[in-house]
>>> print(open('final-v9.tsv').read())   # TSV, C-alpha atoms
chain	number	residue	atom	x	y	z
A	33	MET	CA	42.83	-11.56	166.35
A	34	LYS	CA	40.49	-9.60	168.63
A	35	PRO	CA	43.23	-7.81	170.64
A	36	ALA	CA	44.94	-6.56	167.46
A	37	ALA	CA	41.67	-5.11	166.12
A	38	PHE	CA	41.01	-3.45	169.47
A	39	SER	CA	44.48	-1.94	169.69
A	40	SER	CA	44.29	-0.49	166.16
A	41	ARG	CA	40.93	1.13	166.97
A	42	ARG	CA	42.33	2.49	170.18
A	43	ALA	CA	45.43	3.86	168.44
A	44	ASN	CA	43.18	5.60	165.91
A	45	TRP	CA	41.13	7.17	168.71
A	46	LEU	CA	44.29	8.28	170.50
A	47	SER	CA	45.70	9.64	167.23
A	48	TRP	CA	42.66	11.88	166.79
A	49	LEU	CA	42.93	12.99	170.41
A	50	LEU	CA	46.62	13.81	169.98
A	51	LEU	CA	45.83	15.91	166.90
A	52	LEU	CA	43.01	17.74	168.70
A	53	LEU	CA	45.19	18.48	171.73
A	54	SER	CA	47.97	19.70	169.46
A	55	VAL	CA	45.69	22.13	167.65
A	56	ALA	CA	43.96	23.46	170.76
A	57	GLY	CA	47.11	23.63	172.85
A	58	PHE	CA	49.17	25.41	170.24
A	59	ALA	CA	46.40	27.92	169.52
A	60	ALA	CA	46.29	28.72	173.25
A	61	ILE	CA	50.07	29.17	173.35
A	62	TRP	CA	49.91	31.48	170.33
A	63	VAL	CA	47.21	33.59	171.98
A	64	LEU	CA	49.28	33.92	175.15
A	65	VAL	CA	52.44	34.88	173.24
A	66	SER	CA	50.48	37.46	171.27
A	67	LEU	CA	48.87	38.97	174.34
A	68	TYR	CA	52.12	39.26	176.26
A	69	SER	CA	54.02	40.72	173.31
A	70	ASP	CA	51.15	42.95	172.14
A	71	GLY	CA	51.25	41.84	168.50
A	72	GLN	CA	49.86	39.20	166.15
A	73	GLN	CA	53.05	37.10	166.11
A	74	SER	CA	52.00	35.29	162.93
A	75	TRP	CA	55.36	33.54	162.74
A	76	MET	CA	53.83	31.23	165.35
A	77	ALA	CA	51.79	29.69	162.51
A	78	VAL	CA	54.99	28.08	161.18
A	79	LEU	CA	55.72	26.56	164.58
A	80	GLY	CA	52.12	25.37	164.73
A	81	ALA	CA	52.52	23.66	161.35
A	82	LEU	CA	55.65	21.91	162.59
A	83	ASP	CA	53.81	20.84	165.73
A	84	VAL	CA	50.87	19.41	163.77
A	85	ALA	CA	53.18	17.55	161.38
A	86	TRP	CA	55.07	16.10	164.32
A	87	MET	CA	51.89	15.05	166.15
A	88	LEU	CA	50.55	13.34	163.03
A	89	ARG	CA	53.76	11.33	162.82
A	90	LEU	CA	53.65	10.50	166.52
A	91	GLY	CA	49.99	9.54	166.18
A	92	GLY	CA	50.88	6.85	163.69
A	93	TRP	CA	49.15	8.38	160.66
A	94	ARG	CA	50.39	6.84	157.43
A	95	PRO	CA	52.34	9.11	155.08
A	96	GLY	CA	50.41	10.34	152.10
A	97	GLY	CA	47.65	12.62	151.01
A	98	ILE	CA	45.38	12.09	154.00
A	99	ARG	CA	48.10	13.07	156.45
A	100	ALA	CA	48.93	16.15	154.36
A	101	VAL	CA	45.27	17.20	154.27
A	102	LEU	CA	44.96	16.67	158.02
A	103	ALA	CA	48.06	18.82	158.53
A	104	LEU	CA	46.53	21.57	156.38
A	105	ILE	CA	43.26	21.41	158.30
A	106	GLY	CA	45.04	21.32	161.66
A	107	THR	CA	47.26	24.26	160.80
A	108	GLY	CA	44.30	26.19	159.44
A	109	LEU	CA	42.39	25.53	162.66
A	110	ILE	CA	45.34	26.76	164.72
A	111	VAL	CA	45.38	29.99	162.70
A	112	VAL	CA	41.63	30.51	163.02
A	113	LEU	CA	41.47	29.66	166.73
A	114	ALA	CA	44.49	31.81	167.56
A	115	ASN	CA	43.20	34.81	165.63
A	116	TRP	CA	39.77	34.36	167.21
A	117	GLY	CA	41.34	34.21	170.67
A	118	ILE	CA	43.58	37.22	170.09
A	119	THR	CA	40.67	39.27	168.74
A	120	ALA	CA	38.35	38.20	171.53
A	121	SER	CA	40.94	38.96	174.19
A	122	HIS	CA	41.63	42.46	172.94
A	123	LEU	CA	37.96	43.22	172.40
A	124	GLY	CA	37.01	41.72	175.76
A	125	ALA	CA	39.61	43.81	177.56
A	126	ALA	CA	38.14	46.97	176.03
A	127	LEU	CA	34.62	45.95	177.04
A	128	GLY	CA	35.46	44.64	180.50
A	129	LEU	CA	34.85	40.98	179.63
A	130	GLN	CA	36.95	37.92	180.27
A	131	PRO	CA	38.56	36.48	177.10
A	132	TRP	CA	36.33	33.38	177.10
A	133	GLU	CA	33.19	35.52	177.56
A	134	SER	CA	34.23	37.74	174.68
A	135	ALA	CA	35.09	34.71	172.51
A	136	LEU	CA	31.58	33.32	172.96
A	137	LYS	CA	29.94	36.65	172.09
A	138	LEU	CA	32.17	37.52	169.14
A	139	GLY	CA	30.38	37.03	165.83
A	140	SER	CA	32.06	35.58	162.77
A	141	GLN	CA	31.59	38.72	160.63
A	142	HIS	CA	32.99	40.98	163.35
A	143	ALA	CA	35.91	38.60	163.97
A	144	TRP	CA	36.68	38.46	160.25
A	145	THR	CA	36.69	42.26	159.97
A	146	LEU	CA	38.96	42.68	162.99
A	147	ALA	CA	41.30	39.92	161.81
A	148	GLN	CA	41.62	41.63	158.42
A	149	LEU	CA	42.53	44.88	160.16
A	150	ALA	CA	45.06	43.20	162.46
A	151	ASN	CA	46.80	40.99	159.89
A	152	GLY	CA	48.99	42.68	157.29
A	153	PRO	CA	50.78	41.26	154.24
A	154	ALA	CA	53.63	39.89	156.36
A	155	ASP	CA	51.16	38.04	158.57
A	156	VAL	CA	49.45	36.53	155.53
A	157	ALA	CA	52.86	35.45	154.20
A	158	TRP	CA	53.68	33.67	157.47
A	159	ILE	CA	50.31	31.88	157.40
A	160	VAL	CA	50.72	30.79	153.77
A	161	LEU	CA	54.25	29.57	154.53
A	162	ALA	CA	52.88	27.60	157.47
A	163	LEU	CA	50.22	25.93	155.33
A	164	VAL	CA	52.75	24.99	152.66
A	165	LEU	CA	55.16	23.60	155.27
A	166	ALA	CA	52.38	21.62	156.93
A	167	ALA	CA	51.47	19.94	153.65
A	168	LEU	CA	55.07	19.26	152.63
A	169	LEU	CA	56.28	17.95	155.97
A	170	SER	CA	53.27	15.68	156.45
A	171	ARG	CA	53.35	13.87	153.12
>>> encode(input="final-v9.tsv", output="structure tokens")
Amino acid sequence: MKPAAFSSRRANWLSWLLLLLSVAGFAAIWVLVSLYSDGQQSWMAVLGALDVAWMLRLGGWRPGGIRAVLALIGTGLIVVLANWGITASHLGAALGLQPWESALKLGSQHAWTLAQLANGPADVAWIVLALVLAALLSR
């Protein structure tokens, strides 16, 4: 009985790691796509939602409300991290800072103001669609 208990704990730890890598990795990809195309590219939120839903399934999370909530949180984190990275990169370039230096110095109020200016109604629609898809596909 001991090896089964150990393997289930290990799978749970690896499932969390898979979810964390999915969120961080996809946010980084979104930032790179946005910087190279010189736009917000909010449609990437939908792809991020699909990625999170897929990683939750691969991680062995049981279907249900918890998996749907985790998908919502993961997708929301992707949106926040990507917007933070895009804002910090553009602001850092204007100030002569590296993106990671700018990201550490960027305050939440300033980031929120710049994100509101950068994201229009279409961007908000893509993000809402992504959150809805994340919840529906992860149930």
>>> residues_around(input="final-v9.tsv", residues="range 115-125 of chain A", least_positions_apart="4", cutoff="8 Å", atoms="only C-alpha atoms", output="list of chain:residue names")
A:Ala60, A:Val63, A:Ser66, A:Leu67, A:Gln72, A:Val111, A:Leu129, A:Gln130, A:Pro131, A:Trp132, A:Glu133, A:Ser134, A:Ala135, A:Leu138, A:Ala143, A:Leu146, A:Ala147
>>> axis_aligned_box(input="final-v9.tsv", around="range 147-160 of chain A", padding_each_side="8 Å", output="AutoDock Vina command-line options")
--center_x 47.5 --center_y 37.8 --center_z 158.1 --size_x 28.4 --size_y 30.1 --size_z 24.7
>>> residues_near_point(input="final-v9.tsv", point="(55.5, 18.7, 157.5)", cutoff="12 Å", atoms="all atoms listed in the file", output="number ranges by chain")
A: 78-89, 95-97, 99-104, 106-107, 161-171
>>> atom_distance(input="final-v9.tsv", atom1="CA of Val160 in chain A", atom2="CA of Leu136 in chain A")
27.2 Å
>>> closest_residue(input="final-v9.tsv", among="A:Leu46, A:Ala59, A:Ile105, A:Gly71", to="Asn151 in chain A", atoms="only C-alpha atoms")
A:Gly71
>>> atom_distance(input="final-v9.tsv", atom1="CA of Trp144 in chain A", atom2="CA of Gly128 in chain A")
21.2 Å
>>> atom_distance(input="final-v9.tsv", atom1="CA of Ile159 in chain A", atom2="CA of Trp93 in chain A")
23.8 Å
>>> closest_residue(input="final-v9.tsv", among="A:Ile98, A:Tyr68, A:Leu113, A:Trp158", to="Val55 in chain A", atoms="only C-alpha atoms")
A:Leu113
>>> closest_residue(input="final-v9.tsv", among="A:Ala150, A:Val156, A:Leu51, A:Ala114", to="Leu64 in chain A", atoms="all atoms listed in the file")
A:Ala114
>>> closest_residue(input="final-v9.tsv", among="A:Ala126, A:Ser74, A:Ala56, A:Ser47", to="Gly91 in chain A", atoms="all atoms listed in the file")
A:Ser47
>>> decode(input="final-v9.tsv", residues="range 41-89 of chain A", atoms="N, CA and C atoms", output="mmCIF file, in the first residue's frame")
data_model
loop_
_atom_site.group_PDB
_atom_site.id
_atom_site.type_symbol
_atom_site.label_atom_id
_atom_site.label_comp_id
_atom_site.auth_asym_id
_atom_site.auth_seq_id
_atom_site.Cartn_x
_atom_site.Cartn_y
_atom_site.Cartn_z
ATOM 1 N N ARG A 41 0.750 10.838 -4.476
ATOM 2 C CA ARG A 41 1.273 12.128 -4.036
ATOM 3 C C ARG A 41 2.194 12.710 -5.088
ATOM 4 N N ARG A 42 2.990 11.880 -5.680
ATOM 5 C CA ARG A 42 3.925 12.333 -6.698
ATOM 6 C C ARG A 42 3.182 12.814 -7.941
ATOM 7 N N ALA A 43 2.140 12.106 -8.336
ATOM 8 C CA ALA A 43 1.348 12.533 -9.484
ATOM 9 C C ALA A 43 0.695 13.878 -9.208
ATOM 10 N N ASN A 44 0.230 14.105 -7.974
ATOM 11 C CA ASN A 44 -0.377 15.374 -7.624
ATOM 12 C C ASN A 44 0.651 16.497 -7.716
ATOM 13 N N TRP A 45 1.856 16.261 -7.223
ATOM 14 C CA TRP A 45 2.926 17.251 -7.295
ATOM 15 C C TRP A 45 3.280 17.542 -8.746
ATOM 16 N N LEU A 46 3.377 16.510 -9.560
ATOM 17 C CA LEU A 46 3.687 16.702 -10.973
ATOM 18 C C LEU A 46 2.536 17.385 -11.715
ATOM 19 N N SER A 47 1.308 17.140 -11.286
ATOM 20 C CA SER A 47 0.158 17.794 -11.904
ATOM 21 C C SER A 47 0.186 19.297 -11.667
ATOM 22 N N TRP A 48 0.540 19.695 -10.444
ATOM 23 C CA TRP A 48 0.677 21.125 -10.146
ATOM 24 C C TRP A 48 1.816 21.745 -10.952
ATOM 25 N N LEU A 49 2.911 21.019 -11.061
ATOM 26 C CA LEU A 49 4.057 21.517 -11.828
ATOM 27 C C LEU A 49 3.701 21.673 -13.299
ATOM 28 N N LEU A 50 2.969 20.719 -13.843
ATOM 29 C CA LEU A 50 2.540 20.794 -15.237
ATOM 30 C C LEU A 50 1.649 22.007 -15.470
ATOM 31 N N LEU A 51 0.741 22.273 -14.542
ATOM 32 C CA LEU A 51 -0.138 23.435 -14.651
ATOM 33 C C LEU A 51 0.668 24.736 -14.564
ATOM 34 N N LEU A 52 1.601 24.799 -13.651
ATOM 35 C CA LEU A 52 2.440 25.997 -13.497
ATOM 36 C C LEU A 52 3.287 26.251 -14.738
ATOM 37 N N LEU A 53 3.875 25.208 -15.283
ATOM 38 C CA LEU A 53 4.681 25.354 -16.502
ATOM 39 C C LEU A 53 3.818 25.759 -17.691
ATOM 40 N N SER A 54 2.613 25.252 -17.741
ATOM 41 C CA SER A 54 1.690 25.617 -18.820
ATOM 42 C C SER A 54 1.362 27.103 -18.765
ATOM 43 N N VAL A 55 1.036 27.589 -17.589
ATOM 44 C CA VAL A 55 0.673 28.998 -17.427
ATOM 45 C C VAL A 55 1.857 29.900 -17.744
ATOM 46 N N ALA A 56 2.992 29.627 -17.136
ATOM 47 C CA ALA A 56 4.171 30.480 -17.344
ATOM 48 C C ALA A 56 4.679 30.402 -18.781
ATOM 49 N N GLY A 57 4.718 29.210 -19.327
ATOM 50 C CA GLY A 57 5.208 29.041 -20.689
ATOM 51 C C GLY A 57 4.316 29.701 -21.720
ATOM 52 N N PHE A 58 3.008 29.560 -21.551
ATOM 53 C CA PHE A 58 2.116 30.161 -22.534
ATOM 54 C C PHE A 58 2.110 31.674 -22.422
ATOM 55 N N ALA A 59 2.216 32.202 -21.207
ATOM 56 C CA ALA A 59 2.291 33.660 -21.050
ATOM 57 C C ALA A 59 3.541 34.195 -21.750
ATOM 58 N N ALA A 60 4.648 33.484 -21.631
ATOM 59 C CA ALA A 60 5.887 33.911 -22.301
ATOM 60 C C ALA A 60 5.725 33.876 -23.822
ATOM 61 N N ILE A 61 5.074 32.845 -24.328
ATOM 62 C CA ILE A 61 4.845 32.754 -25.777
ATOM 63 C C ILE A 61 3.964 33.911 -26.242
ATOM 64 N N TRP A 62 2.935 34.220 -25.482
ATOM 65 C CA TRP A 62 2.036 35.315 -25.834
ATOM 66 C C TRP A 62 2.792 36.645 -25.871
ATOM 67 N N VAL A 63 3.654 36.867 -24.894
ATOM 68 C CA VAL A 63 4.443 38.101 -24.863
ATOM 69 C C VAL A 63 5.327 38.185 -26.107
ATOM 70 N N LEU A 64 5.978 37.093 -26.452
ATOM 71 C CA LEU A 64 6.845 37.106 -27.633
ATOM 72 C C LEU A 64 6.056 37.361 -28.917
ATOM 73 N N VAL A 65 4.910 36.712 -29.069
ATOM 74 C CA VAL A 65 4.079 36.933 -30.258
ATOM 75 C C VAL A 65 3.635 38.393 -30.321
ATOM 76 N N SER A 66 3.256 38.949 -29.195
ATOM 77 C CA SER A 66 2.811 40.342 -29.164
ATOM 78 C C SER A 66 3.933 41.312 -29.489
ATOM 79 N N LEU A 67 5.120 41.033 -28.998
ATOM 80 C CA LEU A 67 6.235 41.939 -29.258
ATOM 81 C C LEU A 67 6.676 41.886 -30.716
ATOM 82 N N TYR A 68 6.662 40.709 -31.300
ATOM 83 C CA TYR A 68 7.090 40.594 -32.688
ATOM 84 C C TYR A 68 6.031 41.081 -33.676
ATOM 85 N N SER A 69 4.765 41.075 -33.269
ATOM 86 C CA SER A 69 3.717 41.537 -34.174
ATOM 87 C C SER A 69 3.264 42.958 -33.843
ATOM 88 N N ASP A 70 3.778 43.520 -32.765
ATOM 89 C CA ASP A 70 3.482 44.886 -32.352
ATOM 90 C C ASP A 70 1.990 45.113 -32.109
ATOM 91 N N GLY A 71 1.378 44.217 -31.352
ATOM 92 C CA GLY A 71 -0.029 44.352 -30.982
ATOM 93 C C GLY A 71 -0.320 43.486 -29.769
ATOM 94 N N GLN A 72 -1.512 43.631 -29.203
ATOM 95 C CA GLN A 72 -1.872 42.862 -28.014
ATOM 96 C C GLN A 72 -2.064 41.377 -28.296
ATOM 97 N N GLN A 73 -2.618 41.060 -29.452
ATOM 98 C CA GLN A 73 -2.882 39.665 -29.835
ATOM 99 C C GLN A 73 -3.686 38.922 -28.764
ATOM 100 N N SER A 74 -4.796 39.492 -28.363
ATOM 101 C CA SER A 74 -5.620 38.911 -27.297
ATOM 102 C C SER A 74 -6.280 37.599 -27.680
ATOM 103 N N TRP A 75 -6.308 37.274 -28.959
ATOM 104 C CA TRP A 75 -6.824 35.972 -29.378
ATOM 105 C C TRP A 75 -5.981 34.844 -28.798
ATOM 106 N N MET A 76 -4.761 35.170 -28.380
ATOM 107 C CA MET A 76 -3.900 34.160 -27.757
ATOM 108 C C MET A 76 -4.483 33.657 -26.438
ATOM 109 N N ALA A 77 -5.370 34.437 -25.819
ATOM 110 C CA ALA A 77 -6.004 34.003 -24.574
ATOM 111 C C ALA A 77 -6.817 32.733 -24.801
ATOM 112 N N VAL A 78 -7.454 32.628 -25.964
ATOM 113 C CA VAL A 78 -8.245 31.427 -26.277
ATOM 114 C C VAL A 78 -7.330 30.216 -26.395
ATOM 115 N N LEU A 79 -6.206 30.388 -27.062
ATOM 116 C CA LEU A 79 -5.239 29.280 -27.156
ATOM 117 C C LEU A 79 -4.684 28.926 -25.779
ATOM 118 N N GLY A 80 -4.480 29.927 -24.941
ATOM 119 C CA GLY A 80 -4.023 29.674 -23.577
ATOM 120 C C GLY A 80 -5.042 28.875 -22.780
ATOM 121 N N ALA A 81 -6.327 29.188 -22.958
ATOM 122 C CA ALA A 81 -7.384 28.439 -22.276
ATOM 123 C C ALA A 81 -7.397 26.982 -22.727
ATOM 124 N N LEU A 82 -7.222 26.769 -24.027
ATOM 125 C CA LEU A 82 -7.157 25.395 -24.545
ATOM 126 C C LEU A 82 -5.947 24.656 -23.977
ATOM 127 N N ASP A 83 -4.830 25.361 -23.872
ATOM 128 C CA ASP A 83 -3.615 24.756 -23.333
ATOM 129 C C ASP A 83 -3.800 24.375 -21.870
ATOM 130 N N VAL A 84 -4.389 25.252 -21.092
ATOM 131 C CA VAL A 84 -4.612 24.952 -19.668
ATOM 132 C C VAL A 84 -5.571 23.772 -19.512
ATOM 133 N N ALA A 85 -6.643 23.762 -20.291
ATOM 134 C CA ALA A 85 -7.602 22.647 -20.205
ATOM 135 C C ALA A 85 -6.925 21.328 -20.558
ATOM 136 N N TRP A 86 -6.091 21.368 -21.572
ATOM 137 C CA TRP A 86 -5.379 20.160 -21.984
ATOM 138 C C TRP A 86 -4.395 19.706 -20.911
ATOM 139 N N MET A 87 -3.659 20.641 -20.314
ATOM 140 C CA MET A 87 -2.691 20.279 -19.284
ATOM 141 C C MET A 87 -3.368 19.744 -18.027
ATOM 142 N N LEU A 88 -4.539 20.263 -17.708
ATOM 143 C CA LEU A 88 -5.271 19.718 -16.557
ATOM 144 C C LEU A 88 -5.697 18.278 -16.815
ATOM 145 N N ARG A 89 -6.101 18.003 -18.040
ATOM 146 C CA ARG A 89 -6.457 16.615 -18.390
ATOM 147 C C ARG A 89 -5.227 15.716 -18.354
#
